[in-house]
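Here is the file my_file39.cif (mmCIF, C-alpha atoms).
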data_structure
#
loop_
_atom_site.label_atom_id
_atom_site.label_comp_id
_atom_site.auth_asym_id
_atom_site.auth_seq_id
_atom_site.Cartn_x
_atom_site.Cartn_y
_atom_site.Cartn_z
CA MET A 1 -5.18 -13.16 3.30
CA ILE A 2 -5.69 -14.61 -0.15
CA ARG A 3 -4.38 -12.24 -2.74
CA ARG A 4 -1.17 -10.69 -3.79
CA TRP A 5 -2.03 -7.01 -3.86
CA ARG A 6 -2.70 -5.36 -0.54
CA ALA A 7 -4.24 -2.50 -2.51
CA ARG A 8 -7.28 -4.58 -3.38
CA THR A 9 -7.99 -6.17 -0.03
CA ALA A 10 -10.20 -3.36 1.28
CA GLY A 11 -12.92 -4.17 -1.20
CA LEU A 12 -12.88 -7.95 -0.96
CA LEU A 13 -12.09 -9.18 2.52
CA LEU A 14 -13.18 -8.51 6.08
CA LEU A 15 -10.23 -6.54 7.38
CA THR A 16 -9.14 -5.37 10.81
CA ALA A 17 -8.78 -1.60 10.99
CA LEU A 18 -6.19 -0.26 13.40
CA ALA A 19 -7.88 1.61 16.21
CA ALA A 20 -6.57 5.06 15.27
CA CYS A 21 -8.22 5.06 11.88
CA THR A 22 -11.62 5.65 10.33
CA SER A 23 -13.40 3.48 7.78
CA THR A 24 -12.77 5.13 4.41
CA VAL A 25 -9.59 5.19 2.38
CA GLU A 26 -8.46 7.39 -0.47
CA GLY A 27 -8.30 5.53 -3.73
CA THR A 28 -9.50 2.06 -2.74
CA ALA A 29 -12.50 0.46 -4.33
CA SER A 30 -14.57 0.36 -1.14
CA PRO A 31 -14.16 1.04 2.58
CA ALA A 32 -12.90 -1.49 5.07
CA THR A 33 -15.64 -3.29 6.91
CA THR A 34 -14.34 -2.70 10.44
CA ALA A 35 -14.46 0.93 11.52
CA ALA A 36 -12.50 2.39 14.40
CA PRO A 37 -14.28 3.33 17.62
CA SER A 38 -15.37 6.92 17.89
CA PRO A 39 -12.80 9.06 19.71
CA THR A 40 -13.63 9.72 23.32
CA THR A 41 -11.51 12.84 23.66
CA SER A 42 -11.72 15.82 21.35
CA ALA A 43 -8.60 17.09 19.65
CA PRO A 44 -6.85 19.96 21.42
CA THR A 45 -7.36 23.45 20.06
CA THR A 46 -4.17 24.76 18.48
CA THR A 47 -3.19 28.32 17.67
CA GLY A 48 -0.50 27.48 15.11
CA PRO A 49 3.24 27.14 15.40
CA SER A 50 5.17 29.15 18.00
CA GLU A 51 8.26 29.38 15.75
CA PRO A 52 8.62 32.15 13.14
CA PRO A 53 6.56 31.42 10.01
CA LEU A 54 8.27 29.54 7.22
CA GLU A 55 8.34 30.25 3.52
CA ILE A 56 6.42 27.19 2.39
CA THR A 57 6.82 25.88 -1.15
CA PRO A 58 3.28 25.34 -2.41
CA PRO A 59 2.42 21.72 -3.17
CA PRO A 60 1.55 20.77 -6.74
CA ALA A 61 -2.07 20.86 -7.83
CA ARG A 62 -3.91 17.59 -7.28
CA GLY A 63 -3.47 15.30 -10.23
CA VAL A 64 -1.73 12.21 -11.51
CA GLY A 65 1.68 13.60 -10.55
CA LEU A 66 0.83 13.34 -6.85
CA LEU A 67 -0.10 9.68 -7.29
CA LEU A 68 3.12 8.98 -9.16
CA GLU A 69 5.11 10.63 -6.36
CA ALA A 70 3.17 8.56 -3.82
CA HIS A 71 4.15 5.43 -5.76
CA ARG A 72 7.79 6.57 -5.49
CA ILE A 73 7.35 6.98 -1.73
CA ALA A 74 5.96 3.43 -1.53
CA SER A 75 9.47 2.19 -2.30
CA VAL A 76 10.83 3.76 0.89
CA THR A 77 7.92 3.11 3.26
CA ALA A 78 8.99 0.52 5.80
CA LEU A 79 7.64 -2.98 5.18
CA VAL A 80 6.04 -4.04 8.43
CA GLN A 81 6.85 -7.72 7.75
CA THR A 82 10.55 -6.87 7.57
CA SER A 83 10.53 -5.36 11.06
CA PHE A 84 8.00 -7.85 12.48
CA PRO A 85 7.86 -11.13 10.50
CA ASP A 86 4.86 -12.36 12.52
CA ARG A 87 2.66 -9.53 11.17
CA THR A 88 1.75 -11.20 7.91
CA GLU A 89 -1.87 -10.14 7.46
CA SER A 90 -2.81 -6.98 5.60
CA CYS A 91 -4.99 -4.42 7.36
CA PHE A 92 -6.45 -0.98 6.92
CA PRO A 93 -5.41 1.64 5.88
CA SER A 94 -2.65 1.39 3.28
CA GLY A 95 -1.64 2.96 -0.01
CA PRO A 96 -1.51 6.51 -1.35
CA SER A 97 -2.95 9.67 0.21
CA THR A 98 -2.73 12.84 -1.88
CA SER A 99 -4.48 15.45 0.30
CA PRO A 100 -4.26 16.49 3.96
CA ASP A 101 -7.97 15.94 4.53
CA GLY A 102 -7.90 12.54 2.85
CA LEU A 103 -4.92 11.43 4.89
CA GLU A 104 -6.40 12.62 8.18
CA ALA A 105 -9.66 10.81 7.42
CA VAL A 106 -7.99 7.42 7.37
CA TYR A 107 -5.00 7.74 9.71
CA PHE A 108 -5.86 10.21 12.48
CA THR A 109 -8.60 11.46 14.78
CA PRO A 110 -10.58 14.24 13.07
CA GLY A 111 -9.08 17.66 13.67
CA THR A 112 -5.60 16.44 14.65
CA ALA A 113 -3.57 16.35 11.42
CA ALA A 114 -5.00 18.00 8.29
CA ASP A 115 -4.35 21.59 9.39
CA VAL A 116 -0.78 20.77 10.41
CA LEU A 117 -0.09 18.99 7.14
CA GLU A 118 -1.55 21.81 5.06
CA ARG A 119 0.37 24.43 7.04
CA TYR A 120 3.67 22.75 6.23
CA GLY A 121 3.14 22.11 2.55
CA PHE A 122 2.05 18.46 2.49
CA VAL A 123 2.63 16.94 -0.95
CA THR A 124 1.64 13.26 -0.82
CA ALA A 125 2.15 10.06 1.19
CA TRP A 126 2.14 6.27 1.23
CA GLY A 127 1.20 3.93 4.09
CA GLN A 128 1.58 0.24 4.98
CA CYS A 129 -0.44 -1.80 7.48
CA ASN A 130 0.00 -5.35 8.78
CA ARG A 131 -1.25 -7.30 11.77
CA THR A 132 -0.72 -10.66 13.43
CA VAL A 133 -2.73 -13.63 12.13
CA ASP A 134 -5.02 -13.57 15.17
CA GLY A 135 -5.57 -9.83 14.81
CA THR A 136 -4.25 -9.06 18.30
CA TYR A 137 -1.52 -6.60 17.29
CA GLY A 138 -1.07 -4.31 14.29
CA THR A 139 1.58 -1.96 12.95
CA LEU A 140 1.18 0.93 10.54
CA THR A 141 3.96 2.85 8.79
CA LEU A 142 3.36 6.08 6.90
CA ALA A 143 5.81 8.29 4.97
CA MET A 144 4.66 11.87 4.27
CA GLU A 145 6.35 14.40 1.99
CA MET A 146 6.42 18.02 3.16
CA SER A 147 7.55 21.42 1.82
CA ASP A 148 11.17 21.34 3.06
CA PRO A 149 13.27 19.92 5.91
CA GLU A 150 12.38 22.62 8.44
CA ALA A 151 8.70 22.23 7.62
CA ALA A 152 9.04 18.49 8.20
CA VAL A 153 10.65 19.06 11.60
CA ARG A 154 7.87 21.39 12.71
CA ALA A 155 5.15 19.16 11.29
CA ALA A 156 6.49 16.17 13.23
CA GLU A 157 6.57 18.19 16.47
CA GLU A 158 3.04 19.52 16.06
CA LEU A 159 1.64 16.14 15.04
CA VAL A 160 3.02 14.63 18.23
CA GLU A 161 1.35 17.37 20.28
CA ALA A 162 -1.95 16.96 18.44
CA GLN A 163 -2.07 13.18 19.00
CA ALA A 164 -1.56 13.49 22.78
CA ILE A 165 -5.23 12.63 23.40
CA ASP A 166 -7.31 9.57 24.30
CA GLY A 167 -4.81 8.35 26.90
CA PHE A 168 -1.63 8.88 24.86
CA GLU A 169 1.23 10.51 26.77
CA PRO A 170 4.72 11.59 25.64
CA VAL A 171 7.53 9.05 26.02
CA ASP A 172 11.22 8.96 25.08
CA VAL A 173 12.43 6.72 22.25
CA ASP A 174 15.94 5.74 21.16
CA VAL A 175 15.79 7.64 17.87
CA ASP A 176 15.40 11.34 17.12
CA GLY A 177 11.77 12.38 17.11
CA GLY A 178 8.71 12.30 19.31
CA ALA A 179 6.55 9.45 20.57
CA LEU A 180 3.38 8.83 22.55
CA LEU A 181 2.45 5.81 24.66
CA ARG A 182 -0.89 4.41 25.82
CA LEU A 183 -0.99 1.45 28.20
CA ASP A 184 -3.85 -1.03 28.42
CA GLY A 185 -3.00 -3.62 31.04
CA GLU A 186 -0.07 -5.66 29.72
CA ASP A 187 -0.43 -4.21 26.21
CA ALA A 188 0.77 -0.92 24.79
CA THR A 189 0.18 1.27 21.76
CA VAL A 190 2.89 3.65 20.58
CA GLN A 191 2.67 6.48 18.06
CA ALA A 192 5.90 8.05 16.81
CA PHE A 193 6.85 10.81 14.37
CA VAL A 194 10.36 11.39 12.97
CA SER A 195 11.48 13.89 10.32
CA VAL A 196 14.06 12.91 7.70
CA GLY A 197 14.82 15.67 5.23
CA ARG A 198 11.52 16.68 3.63
CA MET A 199 9.83 13.52 4.89
CA VAL A 200 7.89 12.80 8.08
CA ALA A 201 7.74 9.15 9.16
CA TYR A 202 4.81 8.01 11.29
CA VAL A 203 4.42 4.67 13.06
CA TRP A 204 1.45 3.26 14.98
CA HIS A 205 2.46 0.07 16.79
CA GLU A 206 0.56 -2.32 19.09
CA SER A 207 2.45 -4.87 21.18
CA PRO A 208 2.99 -6.24 24.70
CA ALA A 209 4.11 -3.36 26.90
CA ALA A 210 7.34 -5.16 27.78
CA THR A 211 8.60 -5.03 24.18
CA ALA A 212 7.07 -1.74 23.00
CA GLY A 213 10.22 0.34 23.45
CA ASP A 214 12.49 -2.00 21.52
CA ASP A 215 9.80 -2.54 18.88
CA ILE A 216 9.25 1.13 18.09
CA ALA A 217 12.99 1.79 17.94
CA ARG A 218 13.39 -1.11 15.50
CA VAL A 219 10.70 -0.05 13.06
CA LEU A 220 11.66 3.63 13.21
CA THR A 221 15.28 2.73 12.52
CA ASP A 222 14.18 0.65 9.53
CA GLN A 223 12.02 3.52 8.29
CA VAL A 224 14.66 6.22 8.78
CA THR A 225 17.27 4.13 6.96
CA LEU A 226 14.99 3.89 3.91
CA LEU A 227 14.13 7.60 3.91
CA GLU A 228 17.75 8.68 4.21
CA GLY A 229 18.33 7.32 0.71
CA PHE A 230 15.27 8.99 -0.83
CA THR A 231 15.19 12.26 -2.79
CA PRO A 232 11.69 13.77 -3.06
CA THR A 233 10.76 15.24 -6.40
CA PRO A 234 10.90 19.06 -6.44
CA GLN A 235 7.34 20.32 -6.23
CA ALA A 236 7.49 22.06 -9.62
CA ASP A 237 8.55 18.79 -11.28
CA VAL A 238 5.86 16.54 -9.79
CA PRO A 239 3.28 17.18 -12.56
CA ALA A 240 5.87 16.08 -15.15
CA LEU A 241 6.72 12.72 -13.55
CA PRO A 242 6.63 10.01 -16.23
CA THR A 243 3.36 8.10 -16.30
CA ASP A 244 4.87 5.09 -18.10
CA PRO A 245 8.61 4.89 -17.37
CA ASP A 246 8.90 1.23 -18.45
CA GLY A 247 6.76 1.46 -21.58
CA LEU A 248 4.19 -1.03 -20.28
CA GLN A 249 0.98 0.97 -19.99
CA ALA A 250 -0.36 0.18 -23.47
CA MET A 251 0.37 -3.52 -23.06
CA ALA A 252 -1.83 -3.77 -19.97
CA LEU A 253 -5.51 -4.26 -20.70
CA ASP A 254 -7.88 -1.54 -19.47
CA PRO A 255 -10.26 -3.31 -17.05
CA PRO A 256 -13.91 -2.25 -16.85
CA GLY A 257 -14.96 0.56 -14.53
CA GLU A 258 -13.03 3.47 -13.07
CA PHE A 259 -9.35 3.23 -12.16
CA ASN A 260 -8.36 3.71 -8.52
CA ASP A 261 -5.27 5.34 -7.06
CA PHE A 262 -3.23 2.14 -6.95
CA SER A 263 -3.11 2.09 -10.75
CA GLY A 264 0.16 3.08 -12.39
CA PRO A 265 3.86 2.18 -12.55
CA TYR A 266 5.94 0.82 -9.66
CA ASP A 267 9.61 0.01 -9.39
CA PHE A 268 10.69 -3.25 -7.78
CA GLU A 269 10.60 -1.99 -4.18
CA GLY A 270 7.32 -0.20 -4.81
CA TYR A 271 5.77 -3.38 -6.18
CA LEU A 272 6.72 -5.24 -3.01
CA ARG A 273 4.56 -2.79 -1.05
CA ILE A 274 1.48 -4.11 -2.86
CA ALA A 275 2.62 -7.74 -2.76
CA ILE A 276 0.93 -10.26 -0.48
CA ASP A 277 4.23 -11.93 0.46
CA PRO A 278 7.09 -9.46 -0.09
CA ALA A 279 9.80 -11.87 1.07
CA ARG A 280 8.87 -14.70 -1.31
CA GLU A 281 8.14 -12.38 -4.19
CA ARG A 282 11.38 -10.47 -3.67
CA GLU A 283 13.22 -13.76 -4.04
CA LEU A 284 11.21 -14.98 -7.05
CA LEU A 285 11.18 -11.76 -9.06
CA GLY A 286 14.62 -10.59 -7.99
CA ALA A 287 16.18 -13.84 -9.20
CA ASN A 288 14.51 -13.62 -12.59
CA GLY A 289 15.39 -10.27 -14.09
CA PHE A 290 12.40 -8.15 -13.02
CA SER A 291 12.62 -5.03 -15.20
CA GLY A 292 9.22 -3.33 -15.04
CA PHE A 293 5.71 -3.42 -13.66
CA TYR A 294 2.44 -1.63 -14.37
CA ALA A 295 -0.86 -2.02 -12.49
CA LYS A 296 -4.40 -1.16 -13.50
CA GLN A 297 -7.10 -1.56 -10.85
CA SER A 298 -10.73 -0.55 -11.15
CA ASP A 299 -14.22 -1.06 -9.81
CA GLU A 300 -17.56 -1.28 -11.56
CA GLY A 301 -20.48 -1.51 -9.19
CA ASP A 302 -19.85 -4.53 -6.98
CA ARG A 303 -17.16 -5.89 -9.30
CA LEU A 304 -13.44 -5.30 -8.79
CA TYR A 305 -10.84 -5.77 -11.49
CA ALA A 306 -7.07 -5.74 -11.66
CA VAL A 307 -4.48 -6.22 -14.39
CA ALA A 308 -0.80 -6.61 -13.51
CA LEU A 309 1.87 -6.56 -16.20
CA TYR A 310 5.45 -7.67 -15.48
CA ARG A 311 8.53 -7.58 -17.69
CA PHE A 312 11.59 -9.81 -17.30
CA GLY A 313 14.95 -10.16 -18.99
CA THR A 314 14.47 -13.44 -20.88
CA VAL A 315 11.81 -15.93 -21.90
CA GLU A 316 13.25 -18.42 -19.42
CA GLN A 317 12.91 -15.92 -16.58
CA THR A 318 9.30 -15.17 -17.55
CA ASN A 319 8.52 -18.88 -17.51
CA ALA A 320 10.17 -19.29 -14.10
CA VAL A 321 8.01 -16.56 -12.59
CA TYR A 322 4.91 -17.90 -14.39
CA ASP A 323 5.47 -21.27 -12.74
CA GLY A 324 6.46 -19.68 -9.42
CA PHE A 325 3.34 -17.59 -9.17
CA ALA A 326 1.16 -20.59 -10.04
CA GLN A 327 2.77 -22.55 -7.21
CA LEU A 328 2.36 -19.70 -4.71
CA GLU A 329 -1.30 -19.19 -5.61
CA ALA A 330 -2.09 -22.87 -5.06
CA THR A 331 -0.08 -23.29 -1.86
CA ALA A 332 0.91 -20.20 0.12
CA PHE A 333 -2.06 -18.10 -1.01
CA GLY A 334 -4.70 -20.82 -0.75
CA GLY A 335 -6.23 -20.63 -4.23
CA THR A 336 -8.32 -23.40 -5.77
CA PRO A 337 -7.28 -24.16 -9.38
CA PHE A 338 -9.90 -24.08 -12.12
CA VAL A 339 -9.92 -24.50 -15.91
CA LEU A 340 -10.94 -21.40 -17.83
CA PRO A 341 -12.93 -22.36 -20.95
CA ALA A 342 -11.37 -19.59 -23.07
CA ILE A 343 -7.74 -20.57 -22.32
CA PRO A 344 -7.71 -24.03 -20.67
CA GLU A 345 -3.92 -24.09 -20.27
CA ALA A 346 -3.78 -20.82 -18.26
CA PRO A 347 -3.07 -21.13 -14.52
CA CYS A 348 -6.31 -19.92 -12.92
CA PHE A 349 -7.35 -19.80 -9.28
CA VAL A 350 -10.46 -18.86 -7.34
CA PHE A 351 -10.59 -17.65 -3.75
CA ASP A 352 -13.44 -17.47 -1.27
CA ALA A 353 -13.42 -13.85 -0.12
CA GLY A 354 -16.13 -14.43 2.50
CA GLY A 355 -19.67 -13.16 2.69
CA GLY A 356 -20.68 -15.08 -0.43
CA SER A 357 -18.09 -13.29 -2.59
CA PHE A 358 -15.43 -14.93 -4.77
CA TYR A 359 -12.30 -13.73 -6.49
CA GLN A 360 -10.62 -15.14 -9.63
CA ARG A 361 -7.07 -14.73 -10.91
CA CYS A 362 -5.53 -16.06 -14.15
CA TYR A 363 -2.08 -15.72 -15.76
CA VAL A 364 -0.86 -15.45 -19.34
CA GLY A 365 2.71 -15.00 -20.54
CA PHE A 366 4.51 -14.30 -23.82
CA ARG A 367 8.25 -13.90 -24.31
CA THR A 368 9.47 -11.43 -21.67
CA HIS A 369 6.03 -10.33 -20.45
CA LEU A 370 3.75 -11.87 -17.86
CA ALA A 371 0.26 -10.67 -16.98
CA SER A 372 -2.33 -11.52 -14.38
CA VAL A 373 -6.01 -10.65 -14.63
CA ASP A 374 -8.26 -10.51 -11.55
CA VAL A 375 -12.04 -10.43 -11.31
CA GLY A 376 -13.56 -9.90 -7.86
CA GLY A 377 -16.99 -9.48 -6.39
CA LEU A 378 -18.36 -12.65 -7.99
CA THR A 379 -21.30 -14.39 -6.37
CA ALA A 380 -20.34 -17.83 -7.74
CA PRO A 381 -16.85 -19.37 -8.01
CA ASP A 382 -17.55 -20.75 -11.50
CA ASP A 383 -18.85 -17.54 -13.04
CA TYR A 384 -16.27 -17.35 -15.84
CA ALA A 385 -18.08 -14.97 -18.19
CA ARG A 386 -16.00 -11.85 -17.57
CA MET A 387 -12.67 -13.71 -17.19
CA ASN A 388 -13.39 -15.48 -20.49
CA GLU A 389 -13.46 -12.03 -22.11
CA LEU A 390 -10.59 -10.34 -20.30
CA LEU A 391 -7.86 -12.98 -20.28
CA PRO A 392 -7.84 -13.59 -24.07
CA ALA A 393 -7.87 -9.81 -24.60
CA GLN A 394 -4.85 -9.44 -22.29
CA ARG A 395 -3.05 -12.30 -24.08
CA ASP A 396 -3.57 -10.51 -27.39
CA ARG A 397 -2.03 -7.36 -25.93
CA ILE A 398 1.24 -9.05 -25.03
CA ASP A 399 1.63 -11.40 -28.00
CA GLY A 400 0.58 -8.96 -30.70
#
What is this file in structure tokens?
Amino acid sequence: MIRRWRARTAGLLLLTALAACTSTVEGTASPATTAAPSPTTSAPTTTGPSEPPLEITPPPARGVGLLLEAHRIASVTALVQTSFPDRTESCFPSGPSTSPDGLEAVYFTPGTAADVLERYGFVTAWGQCNRTVDGTYGTLTLAMEMSDPEAAVRAAEELVEAQAIDGFEPVDVDVDGGALLRLDGEDATVQAFVSVGRMVAYVWHESPAATAGDDIARVLTDQVTLLEGFTPTPQADVPALPTDPDGLQAMALDPPGEFNDFSGPYDFEGYLRIAIDPARERELLGANGFSGFYAKQSDEGDRLYAVALYRFGTVEQTNAVYDGFAQLEATAFGGTPFVLPAIPEAPCFVFDAGGGSFYQRCYVGFRTHLASVDVGGLTAPDDYARMNELLPAQRDRIDG
């Protein structure tokens, strides 16, 4: 893994997709390169809930408000690395899902989730995915917002029933909710659903069979603890969520191409969900007065672009993070430094993304603002033409 934002990895690296998922993802620049195997068992036919029908609050119309609410949910989606520090590599899928069909397409077997989610007033969701370095085991966490608490309870129950296919069988876990287990020799895969207020938490976890029970209890406990402190936005208020709560949008350069769903504001915890190394970045940014963040990500043909704008409390704190990021890029993230002709003093790094593709990142800072500019999909590591245009333009935005 070579870059900070998990959101951009689907378009630039060869990723491992967890076996439950398909090969397209809502909002990312391009699909992951490793698709899941085709299901061998069809989804069971359902006739709807057996309980009395609920009065479902209609979800908001699709629009920017749903993405902003998904970015809020990112802050309370369990970080896989926190529960399992050995699962350091990003995988597919992750990020926002704003429709039942879109979510089912990337997280579940066709026909096993979208109808349930729609029936119970699905609003929006955020997911995380990490695997071990060797790709042997992966874990996925997903937090989904529903109509109301009773709808969330029923959705969790029906989702468990619908996923009892392809060798998965019900199993007890040490937290409230439902779970399914599939054994494969000495290995196991567990799926679990738990409702917390209006939210439904989902976990897909691969591990040795001997530790699967303790593992799923650990990550579900971590997830439930986060969701217990979260208040979903009332459906009627979602369209009015602020698009620029920190006043940073205009200071971030608009990259070429069309924005994807990872673009927008994030609070500190939300930012860590798109960070390559949440533990190190939590320490670096948390110690230096992090007070706002705005992301713009886009694609234009084979090119991928990203602009990240950070705000800190003082000039000294900005400089500390500027230096800290430069050190992380060159060491922990494996970047190769280069000198950008347009701004020779800027910390710039290039990464080999595989398959003859390269990725560049450069930093500029001014007073309490720090920005990074990324250009991906390059066919040569020293193709500086677009970065020579974008980085000076971003510098002018923050020092003007």
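Of the listed residues (A:Asp323, A:Glu283, A:Glu345, A:Asp184), A:Asp184 comes nearest to Glu206 of chain A; the distances count all atoms listed in the file.
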task = Extract, using only C-alpha atoms, all DNA, RNA and protein residues at most 6 Å from segment 189-194 of chain A, discarding same-chain residues fewer than 5 positions from it, and format them as number ranges by chain.
result = A: 156, 177-182, 200-206
Residues in the PyMOL selection byres ((chain A and resi 316-320) around 12), expressed as a ChimeraX atom specification = /A:283-291,309-315,321-327,363-371
Explicit residue set for the PyMOL selection byres ((chain A and resi 97-100) around 9), as a VMD selection string: chain A and resid 25 to 27 62 to 63 66 to 67 70 94 to 96 101 to 105 113 to 118 122 to 127 144 261
Atom CA of Cys129 of chain A to atom CA of Phe92 of chain A measures 6.1 Å
List the spatial neighbours of Leu340 of chain A as a PyMOL selection string - criterion: any atom at most 10 Å away, only C-alpha atoms, same-chain residues fewer than 5 positions off excluded. chain A and resi 345-349+362+382+384-385+387-388+391
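Between Val373 of chain A and the candidates A:Val339, A:Ala353, A:Val80, A:Val307, the tightest atom-to-atom separation, counting only C-alpha atoms, involves A:Val307.
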Separating atom CA of Gln297 of chain A from atom CA of Pro278 of chain A, to the nearest tenth of an Å, is a gap of 19.5 Å
Pairwise distance, atom CA of Thr141 of chain A with atom CA of Arg273 of chain A, equals 11.4 Å
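Residues with at least one atom no more than 10 Å from (5.1, 19.4, -5.3), using all atoms listed in the file, are Thr57, Pro58, Pro59, Pro60, Ala61, Arg62, Gly65, Leu66, Glu69, Gly121, Phe122, Val123, Thr124, Glu145, Met146, Ser147, Pro232, Thr233, Pro234, Gln235, Ala236, Asp237, Val238 and Pro239 of chain A.
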**OP:** May I have the residues within 8 Å of Phe293 of chain A as a ChimeraX atom specification, using all atoms listed in the file and disregarding those fewer than 4 positions away in the same chain?
**Re:** /A:246,248,265-268,271,308-311
Written selection (C-alpha atoms) as a PDB file, keeping the file's coordinate frame:
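After the write, selection-v2.pdb holds the following:
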ATOM      1  CA  ASP A 246       8.900   1.230 -18.450  1.00  0.00           C
ATOM      2  CA  LEU A 248       4.190  -1.030 -20.280  1.00  0.00           C
ATOM      3  CA  PRO A 265       3.860   2.180 -12.550  1.00  0.00           C
ATOM      4  CA  TYR A 266       5.940   0.820  -9.660  1.00  0.00           C
ATOM      5  CA  ASP A 267       9.610   0.010  -9.390  1.00  0.00           C
ATOM      6  CA  PHE A 268      10.690  -3.250  -7.780  1.00  0.00           C
ATOM      7  CA  TYR A 271       5.770  -3.380  -6.180  1.00  0.00           C
ATOM      8  CA  ALA A 308      -0.800  -6.610 -13.510  1.00  0.00           C
ATOM      9  CA  LEU A 309       1.870  -6.560 -16.200  1.00  0.00           C
ATOM     10  CA  TYR A 310       5.450  -7.670 -15.480  1.00  0.00           C
ATOM     11  CA  ARG A 311       8.530  -7.580 -17.690  1.00  0.00           C
TER      12      ARG A 311
END
Inset, instruction - Any chance you could resolve the PyMOL selection byres ((chain A and resi 219-227) around 6) against this file and give the residues as a PyMOL selection string? - result: chain A and resi 76+78+83+216-218+228-230
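Using all atoms listed in the file for every distance, the candidate list A:Glu150, A:Asp215, A:Asp187, A:Asp174 yields A:Glu150 as the residue closest to Pro53 of chain A.
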At a cut-off of 12 Å from (8.2, -13.2, 0.6) in the coordinates of the file, what residues are picked up using all atoms listed in the file, written as a PyMOL selection string? chain A and resi 4+79+81-82+85+88+272-286+325+328+332-333
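Closest to Ser263 of chain A among A:Leu159, A:His71, A:Ala393, A:Phe84 is A:His71, based on only C-alpha atoms.
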Take segment 84-95 of chain A, model N, CA, C and O atoms, and hand the result over as a PDB file, in the frame of the given file.
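So rebuild05.pdb came out as:
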ATOM      1  N   PHE A  84       8.732  -6.916  11.615  1.00  0.00           N
ATOM      2  CA  PHE A  84       8.000  -7.850  12.480  1.00  0.00           C
ATOM      3  C   PHE A  84       7.467  -8.999  11.625  1.00  0.00           C
ATOM      4  O   PHE A  84       6.338  -8.925  11.114  1.00  0.00           O
ATOM      5  N   PRO A  85       8.251 -10.045  11.417  1.00  0.00           N
ATOM      6  CA  PRO A  85       7.860 -11.130  10.500  1.00  0.00           C
ATOM      7  C   PRO A  85       6.558 -11.826  10.876  1.00  0.00           C
ATOM      8  O   PRO A  85       5.955 -12.476  10.014  1.00  0.00           O
ATOM      9  N   ASP A  86       6.116 -11.702  12.133  1.00  0.00           N
ATOM     10  CA  ASP A  86       4.860 -12.360  12.520  1.00  0.00           C
ATOM     11  C   ASP A  86       3.630 -11.585  12.067  1.00  0.00           C
ATOM     12  O   ASP A  86       2.513 -12.114  12.116  1.00  0.00           O
ATOM     13  N   ARG A  87       3.800 -10.354  11.583  1.00  0.00           N
ATOM     14  CA  ARG A  87       2.660  -9.530  11.170  1.00  0.00           C
ATOM     15  C   ARG A  87       2.461  -9.679   9.664  1.00  0.00           C
ATOM     16  O   ARG A  87       2.843  -8.818   8.875  1.00  0.00           O
ATOM     17  N   THR A  88       1.851 -10.791   9.309  1.00  0.00           N
ATOM     18  CA  THR A  88       1.750 -11.200   7.910  1.00  0.00           C
ATOM     19  C   THR A  88       0.444 -10.813   7.245  1.00  0.00           C
ATOM     20  O   THR A  88       0.340 -10.908   6.017  1.00  0.00           O
ATOM     21  N   GLU A  89      -0.552 -10.394   8.025  1.00  0.00           N
ATOM     22  CA  GLU A  89      -1.870 -10.140   7.460  1.00  0.00           C
ATOM     23  C   GLU A  89      -2.059  -8.646   7.158  1.00  0.00           C
ATOM     24  O   GLU A  89      -1.750  -7.795   7.990  1.00  0.00           O
ATOM     25  N   SER A  90      -2.564  -8.363   5.974  1.00  0.00           N
ATOM     26  CA  SER A  90      -2.810  -6.980   5.600  1.00  0.00           C
ATOM     27  C   SER A  90      -3.965  -6.400   6.410  1.00  0.00           C
ATOM     28  O   SER A  90      -4.871  -7.114   6.827  1.00  0.00           O
ATOM     29  N   CYS A  91      -3.924  -5.090   6.630  1.00  0.00           N
ATOM     30  CA  CYS A  91      -4.990  -4.420   7.360  1.00  0.00           C
ATOM     31  C   CYS A  91      -5.189  -3.035   6.777  1.00  0.00           C
ATOM     32  O   CYS A  91      -4.596  -2.673   5.753  1.00  0.00           O
ATOM     33  N   PHE A  92      -6.007  -2.266   7.415  1.00  0.00           N
ATOM     34  CA  PHE A  92      -6.450  -0.980   6.920  1.00  0.00           C
ATOM     35  C   PHE A  92      -5.954   0.126   7.832  1.00  0.00           C
ATOM     36  O   PHE A  92      -5.978  -0.045   9.045  1.00  0.00           O
ATOM     37  N   PRO A  93      -5.476   1.258   7.281  1.00  0.00           N
ATOM     38  CA  PRO A  93      -5.410   1.640   5.880  1.00  0.00           C
ATOM     39  C   PRO A  93      -4.036   1.380   5.284  1.00  0.00           C
ATOM     40  O   PRO A  93      -3.067   1.115   6.000  1.00  0.00           O
ATOM     41  N   SER A  94      -3.937   1.467   3.962  1.00  0.00           N
ATOM     42  CA  SER A  94      -2.650   1.390   3.280  1.00  0.00           C
ATOM     43  C   SER A  94      -2.792   2.058   1.924  1.00  0.00           C
ATOM     44  O   SER A  94      -3.901   2.301   1.453  1.00  0.00           O
ATOM     45  N   GLY A  95      -1.642   2.382   1.320  1.00  0.00           N
ATOM     46  CA  GLY A  95      -1.640   2.960  -0.010  1.00  0.00           C
ATOM     47  C   GLY A  95      -1.461   4.457  -0.029  1.00  0.00           C
ATOM     48  O   GLY A  95      -1.028   5.069   0.955  1.00  0.00           O
TER      49      GLY A  95
END
